[in-house]
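**Q** Dropping in entry.pdb, with PDB, C-alpha atoms.
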```
ATOM      1  CA  MET A  10     -18.356 -42.746  87.773  1.00  0.00           C
ATOM      2  CA  PHE A  11     -17.466 -44.954  84.794  1.00  0.00           C
ATOM      3  CA  GLU A  12     -16.159 -41.969  82.846  1.00  0.00           C
ATOM      4  CA  THR A  13     -12.986 -42.059  84.945  1.00  0.00           C
ATOM      5  CA  PHE A  14     -12.028 -45.627  83.928  1.00  0.00           C
ATOM      6  CA  PRO A  15      -9.264 -45.617  81.303  1.00  0.00           C
ATOM      7  CA  ASN A  16     -10.000 -47.611  78.129  1.00  0.00           C
ATOM      8  CA  LEU A  17     -13.641 -48.199  79.092  1.00  0.00           C
ATOM      9  CA  GLN A  18     -16.160 -47.794  76.290  1.00  0.00           C
ATOM     10  CA  MET A  19     -19.928 -47.786  76.672  1.00  0.00           C
ATOM     11  CA  LYS A  20     -21.616 -49.597  73.785  1.00  0.00           C
ATOM     12  CA  THR A  21     -25.229 -49.631  72.671  1.00  0.00           C
ATOM     13  CA  LEU A  22     -26.840 -53.036  72.307  1.00  0.00           C
ATOM     14  CA  ASP A  23     -27.560 -53.154  68.595  1.00  0.00           C
ATOM     15  CA  GLU A  24     -28.759 -55.812  66.164  1.00  0.00           C
ATOM     16  CA  ASN A  25     -25.230 -56.988  65.339  1.00  0.00           C
ATOM     17  CA  ILE A  26     -24.346 -57.519  69.008  1.00  0.00           C
ATOM     18  CA  ALA A  27     -27.687 -59.296  69.527  1.00  0.00           C
ATOM     19  CA  ASP A  28     -26.949 -61.615  66.591  1.00  0.00           C
ATOM     20  CA  ILE A  29     -23.487 -62.428  67.926  1.00  0.00           C
ATOM     21  CA  ALA A  30     -24.919 -62.992  71.414  1.00  0.00           C
ATOM     22  CA  SER A  31     -27.580 -65.293  70.005  1.00  0.00           C
ATOM     23  CA  SER A  32     -24.936 -67.409  68.287  1.00  0.00           C
ATOM     24  CA  LEU A  33     -22.785 -67.531  71.406  1.00  0.00           C
ATOM     25  CA  ARG A  34     -25.775 -68.552  73.502  1.00  0.00           C
ATOM     26  CA  ALA A  35     -26.686 -71.323  71.060  1.00  0.00           C
ATOM     27  CA  ASN A  36     -23.127 -72.587  70.584  1.00  0.00           C
ATOM     28  CA  TYR A  37     -21.999 -72.532  74.211  1.00  0.00           C
ATOM     29  CA  ASN A  38     -25.262 -72.705  76.181  1.00  0.00           C
ATOM     30  CA  ILE A  39     -24.342 -69.599  78.177  1.00  0.00           C
ATOM     31  CA  ASN A  40     -26.877 -67.269  79.740  1.00  0.00           C
ATOM     32  CA  THR A  41     -28.094 -64.209  77.888  1.00  0.00           C
ATOM     33  CA  PRO A  42     -26.344 -61.488  79.960  1.00  0.00           C
ATOM     34  CA  ASP A  43     -22.986 -63.273  79.592  1.00  0.00           C
ATOM     35  CA  ALA A  44     -23.565 -63.763  75.864  1.00  0.00           C
ATOM     36  CA  ILE A  45     -24.322 -60.052  75.444  1.00  0.00           C
ATOM     37  CA  GLN A  46     -21.182 -59.057  77.346  1.00  0.00           C
ATOM     38  CA  VAL A  47     -18.953 -61.394  75.331  1.00  0.00           C
ATOM     39  CA  ALA A  48     -20.627 -60.332  72.065  1.00  0.00           C
ATOM     40  CA  THR A  49     -20.067 -56.679  72.929  1.00  0.00           C
ATOM     41  CA  SER A  50     -16.397 -57.412  73.599  1.00  0.00           C
ATOM     42  CA  LEU A  51     -16.104 -59.148  70.240  1.00  0.00           C
ATOM     43  CA  GLU A  52     -17.852 -56.265  68.465  1.00  0.00           C
ATOM     44  CA  ALA A  53     -15.433 -53.834  70.112  1.00  0.00           C
ATOM     45  CA  GLN A  54     -12.516 -56.026  68.982  1.00  0.00           C
ATOM     46  CA  ALA A  55     -11.302 -56.552  72.538  1.00  0.00           C
ATOM     47  CA  ASP A  56      -8.279 -58.789  72.962  1.00  0.00           C
ATOM     48  CA  ILE A  57      -9.327 -60.306  76.296  1.00  0.00           C
ATOM     49  CA  PHE A  58     -12.553 -60.874  78.217  1.00  0.00           C
ATOM     50  CA  ILE A  59     -11.989 -60.810  82.001  1.00  0.00           C
ATOM     51  CA  THR A  60     -14.516 -62.575  84.223  1.00  0.00           C
ATOM     52  CA  ASN A  61     -15.021 -64.527  87.437  1.00  0.00           C
ATOM     53  CA  ASP A  62     -17.127 -67.129  85.597  1.00  0.00           C
ATOM     54  CA  ALA A  63     -14.974 -70.160  84.746  1.00  0.00           C
ATOM     55  CA  SER A  64     -17.741 -71.579  82.539  1.00  0.00           C
ATOM     56  CA  LEU A  65     -17.017 -68.834  79.991  1.00  0.00           C
ATOM     57  CA  LYS A  66     -13.562 -70.335  79.330  1.00  0.00           C
ATOM     58  CA  LYS A  67     -15.298 -72.591  76.780  1.00  0.00           C
ATOM     59  CA  VAL A  68     -15.850 -69.586  74.482  1.00  0.00           C
ATOM     60  CA  THR A  69     -13.148 -69.719  71.814  1.00  0.00           C
ATOM     61  CA  GLU A  70     -13.863 -66.522  69.855  1.00  0.00           C
ATOM     62  CA  ILE A  71     -12.000 -64.412  72.421  1.00  0.00           C
ATOM     63  CA  LYS A  72      -9.355 -65.095  75.035  1.00  0.00           C
ATOM     64  CA  VAL A  73     -11.199 -65.486  78.340  1.00  0.00           C
ATOM     65  CA  LEU A  74      -9.135 -64.705  81.417  1.00  0.00           C
ATOM     66  CA  LEU A  75     -10.320 -65.375  84.948  1.00  0.00           C
ATOM     67  CA  LEU A  76      -9.764 -62.612  87.461  1.00  0.00           C
ATOM     68  CA  SER A  77      -8.134 -65.166  89.781  1.00  0.00           C
ATOM     69  CA  GLU A  78      -5.544 -65.841  87.056  1.00  0.00           C
ATOM     70  CA  LEU A  79      -4.597 -62.168  87.077  1.00  0.00           C
ATOM     71  CA  LEU A  80      -4.162 -62.121  90.837  1.00  0.00           C
ATOM     72  CA  LYS A  81      -1.644 -64.981  90.989  1.00  0.00           C
TER
END
```
As structure tokens, please, write out the structure in this file.

**A**
Amino acid sequence: MFETFPNLQMKTLDENIADIASSLRANYNINTPDAIQVATSLEAQADIFITNDASLKKVTEIKVLLLSELLK
């Protein structure tokens, strides 16, 4: 199913992503799954991280955009 999404990349959780996630978790006190997703986006050099979780707006390493902001 995901193969039909344009610009979607599947990434393997590797040591570099885990290190980035660990730093994000420590710096922003975010939960592990969110930290892994943001870290993966950073590793992939994404421009924007889209989420429904407003608490992730505190992450400064990537532009965090709320889905509700897109729908306005």

**Q** Using the chain letters and numbers from this file, what does the PyMOL selection byres ((chain A and resi 18) around 12) select? Give the answer as a PyMOL selection string.

**A** chain A and resi 11-17+19-21+49-50+52-55

**Q** Quick check on the file I pasted: which residues fall under the PyMOL selection byres ((chain A and resi 65) around 12)? Write them as number ranges by chain.

**A** A: 33-34, 36-40, 42-44, 46-47, 58-64, 66-75

**Q** Kindly give the distance, in Å, that separates CA of Ser77 in chain A and CA of Asp56 in chain A, rounded to a single decimal.

**A**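 Going from CA of Ser77 in chain A over to CA of Asp56 in chain A, I get 18.0 Å.
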
**Q** Which distance in Å separates CA of Leu51 in chain A and CA of Lys81 in chain A, to one decimal?

**A**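 We find that CA of Leu51 in chain A and CA of Lys81 in chain A lie 26.0 Å from each other.
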
**Q** Would you compute the distance between CA of Leu76 in chain A and CA of Ala27 in chain A? Give it in Å to one decimal.

**A**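 Spanning CA of Leu76 in chain A to CA of Ala27 in chain A is a straight-line distance of 25.6 Å.
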
**Q** Using all atoms of range 66-73 of chain A listed in the file and a margin of 4 Å per side, can you give the axis-aligned box centre and edge lengths in Å to one decimal, as JSON?

**A**
```
{"center_x": -12.6, "center_y": -68.5, "center_z": 74.6, "size_x": 14.5, "size_y": 16.2, "size_z": 17.5}
```

**Q** Since I can't run it myself right now, could you work out what the PyMOL selection byres ((chain A and resi 26) around 7) selects here and report it as a list of chain:residue names?

**A**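 That selection, the PyMOL selection byres ((chain A and resi 26) around 7), comes back as A:Leu22, A:Asp23, A:Glu24, A:Asn25, A:Ala27, A:Asp28, A:Ile29, A:Ala30, A:Ile45, A:Ala48, A:Thr49, A:Glu52.
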
**Q** Can range 39-58 of chain A be brought up to N, CA, C and O atoms and written out as a PDB file, in the coordinates of the input?

**A**
```pdb
ATOM      1  N   ILE A  39     -24.602 -70.561  77.102  1.00  0.00           N
ATOM      2  CA  ILE A  39     -24.342 -69.599  78.177  1.00  0.00           C
ATOM      3  C   ILE A  39     -25.568 -68.712  78.345  1.00  0.00           C
ATOM      4  O   ILE A  39     -26.399 -68.605  77.436  1.00  0.00           O
ATOM      5  N   ASN A  40     -25.683 -68.082  79.504  1.00  0.00           N
ATOM      6  CA  ASN A  40     -26.877 -67.269  79.740  1.00  0.00           C
ATOM      7  C   ASN A  40     -26.819 -65.966  78.935  1.00  0.00           C
ATOM      8  O   ASN A  40     -25.759 -65.537  78.480  1.00  0.00           O
ATOM      9  N   THR A  41     -27.968 -65.374  78.755  1.00  0.00           N
ATOM     10  CA  THR A  41     -28.094 -64.209  77.888  1.00  0.00           C
ATOM     11  C   THR A  41     -27.220 -63.023  78.308  1.00  0.00           C
ATOM     12  O   THR A  41     -26.531 -62.450  77.457  1.00  0.00           O
ATOM     13  N   PRO A  42     -27.204 -62.626  79.596  1.00  0.00           N
ATOM     14  CA  PRO A  42     -26.344 -61.488  79.960  1.00  0.00           C
ATOM     15  C   PRO A  42     -24.860 -61.743  79.651  1.00  0.00           C
ATOM     16  O   PRO A  42     -24.168 -60.847  79.148  1.00  0.00           O
ATOM     17  N   ASP A  43     -24.384 -62.949  79.908  1.00  0.00           N
ATOM     18  CA  ASP A  43     -22.986 -63.273  79.592  1.00  0.00           C
ATOM     19  C   ASP A  43     -22.757 -63.223  78.084  1.00  0.00           C
ATOM     20  O   ASP A  43     -21.737 -62.704  77.615  1.00  0.00           O
ATOM     21  N   ALA A  44     -23.689 -63.774  77.325  1.00  0.00           N
ATOM     22  CA  ALA A  44     -23.565 -63.763  75.864  1.00  0.00           C
ATOM     23  C   ALA A  44     -23.517 -62.336  75.320  1.00  0.00           C
ATOM     24  O   ALA A  44     -22.728 -62.037  74.424  1.00  0.00           O
ATOM     25  N   ILE A  45     -24.323 -61.454  75.881  1.00  0.00           N
ATOM     26  CA  ILE A  45     -24.322 -60.052  75.444  1.00  0.00           C
ATOM     27  C   ILE A  45     -22.991 -59.389  75.783  1.00  0.00           C
ATOM     28  O   ILE A  45     -22.424 -58.656  74.966  1.00  0.00           O
ATOM     29  N   GLN A  46     -22.463 -59.658  76.961  1.00  0.00           N
ATOM     30  CA  GLN A  46     -21.182 -59.057  77.346  1.00  0.00           C
ATOM     31  C   GLN A  46     -20.045 -59.556  76.458  1.00  0.00           C
ATOM     32  O   GLN A  46     -19.209 -58.764  76.003  1.00  0.00           O
ATOM     33  N   VAL A  47     -20.002 -60.856  76.199  1.00  0.00           N
ATOM     34  CA  VAL A  47     -18.953 -61.394  75.331  1.00  0.00           C
ATOM     35  C   VAL A  47     -19.136 -60.866  73.910  1.00  0.00           C
ATOM     36  O   VAL A  47     -18.154 -60.459  73.264  1.00  0.00           O
ATOM     37  N   ALA A  48     -20.359 -60.843  73.419  1.00  0.00           N
ATOM     38  CA  ALA A  48     -20.627 -60.332  72.065  1.00  0.00           C
ATOM     39  C   ALA A  48     -20.200 -58.875  71.931  1.00  0.00           C
ATOM     40  O   ALA A  48     -19.628 -58.478  70.910  1.00  0.00           O
ATOM     41  N   THR A  49     -20.464 -58.090  72.951  1.00  0.00           N
ATOM     42  CA  THR A  49     -20.067 -56.679  72.929  1.00  0.00           C
ATOM     43  C   THR A  49     -18.546 -56.557  72.889  1.00  0.00           C
ATOM     44  O   THR A  49     -17.996 -55.722  72.163  1.00  0.00           O
ATOM     45  N   SER A  50     -17.868 -57.407  73.625  1.00  0.00           N
ATOM     46  CA  SER A  50     -16.397 -57.412  73.599  1.00  0.00           C
ATOM     47  C   SER A  50     -15.878 -57.779  72.217  1.00  0.00           C
ATOM     48  O   SER A  50     -14.910 -57.183  71.736  1.00  0.00           O
ATOM     49  N   LEU A  51     -16.507 -58.764  71.600  1.00  0.00           N
ATOM     50  CA  LEU A  51     -16.104 -59.148  70.240  1.00  0.00           C
ATOM     51  C   LEU A  51     -16.354 -58.018  69.254  1.00  0.00           C
ATOM     52  O   LEU A  51     -15.491 -57.717  68.420  1.00  0.00           O
ATOM     53  N   GLU A  52     -17.507 -57.386  69.350  1.00  0.00           N
ATOM     54  CA  GLU A  52     -17.852 -56.265  68.465  1.00  0.00           C
ATOM     55  C   GLU A  52     -16.855 -55.119  68.624  1.00  0.00           C
ATOM     56  O   GLU A  52     -16.498 -54.456  67.650  1.00  0.00           O
ATOM     57  N   ALA A  53     -16.388 -54.910  69.834  1.00  0.00           N
ATOM     58  CA  ALA A  53     -15.433 -53.834  70.112  1.00  0.00           C
ATOM     59  C   ALA A  53     -13.990 -54.253  69.801  1.00  0.00           C
ATOM     60  O   ALA A  53     -13.067 -53.476  69.996  1.00  0.00           O
ATOM     61  N   GLN A  54     -13.821 -55.480  69.329  1.00  0.00           N
ATOM     62  CA  GLN A  54     -12.516 -56.026  68.982  1.00  0.00           C
ATOM     63  C   GLN A  54     -11.566 -56.053  70.178  1.00  0.00           C
ATOM     64  O   GLN A  54     -10.367 -55.771  70.062  1.00  0.00           O
ATOM     65  N   ALA A  55     -12.119 -56.410  71.333  1.00  0.00           N
ATOM     66  CA  ALA A  55     -11.302 -56.552  72.538  1.00  0.00           C
ATOM     67  C   ALA A  55     -10.377 -57.759  72.376  1.00  0.00           C
ATOM     68  O   ALA A  55     -10.710 -58.727  71.686  1.00  0.00           O
ATOM     69  N   ASP A  56      -9.232 -57.686  73.009  1.00  0.00           N
ATOM     70  CA  ASP A  56      -8.279 -58.789  72.962  1.00  0.00           C
ATOM     71  C   ASP A  56      -8.585 -59.852  74.007  1.00  0.00           C
ATOM     72  O   ASP A  56      -8.307 -61.036  73.797  1.00  0.00           O
ATOM     73  N   ILE A  57      -9.117 -59.413  75.150  1.00  0.00           N
ATOM     74  CA  ILE A  57      -9.327 -60.306  76.296  1.00  0.00           C
ATOM     75  C   ILE A  57     -10.662 -59.980  76.944  1.00  0.00           C
ATOM     76  O   ILE A  57     -11.052 -58.815  77.035  1.00  0.00           O
ATOM     77  N   PHE A  58     -11.335 -61.034  77.428  1.00  0.00           N
ATOM     78  CA  PHE A  58     -12.553 -60.874  78.217  1.00  0.00           C
ATOM     79  C   PHE A  58     -12.236 -61.358  79.627  1.00  0.00           C
ATOM     80  O   PHE A  58     -11.882 -62.521  79.824  1.00  0.00           O
TER      81      PHE A  58
END
```
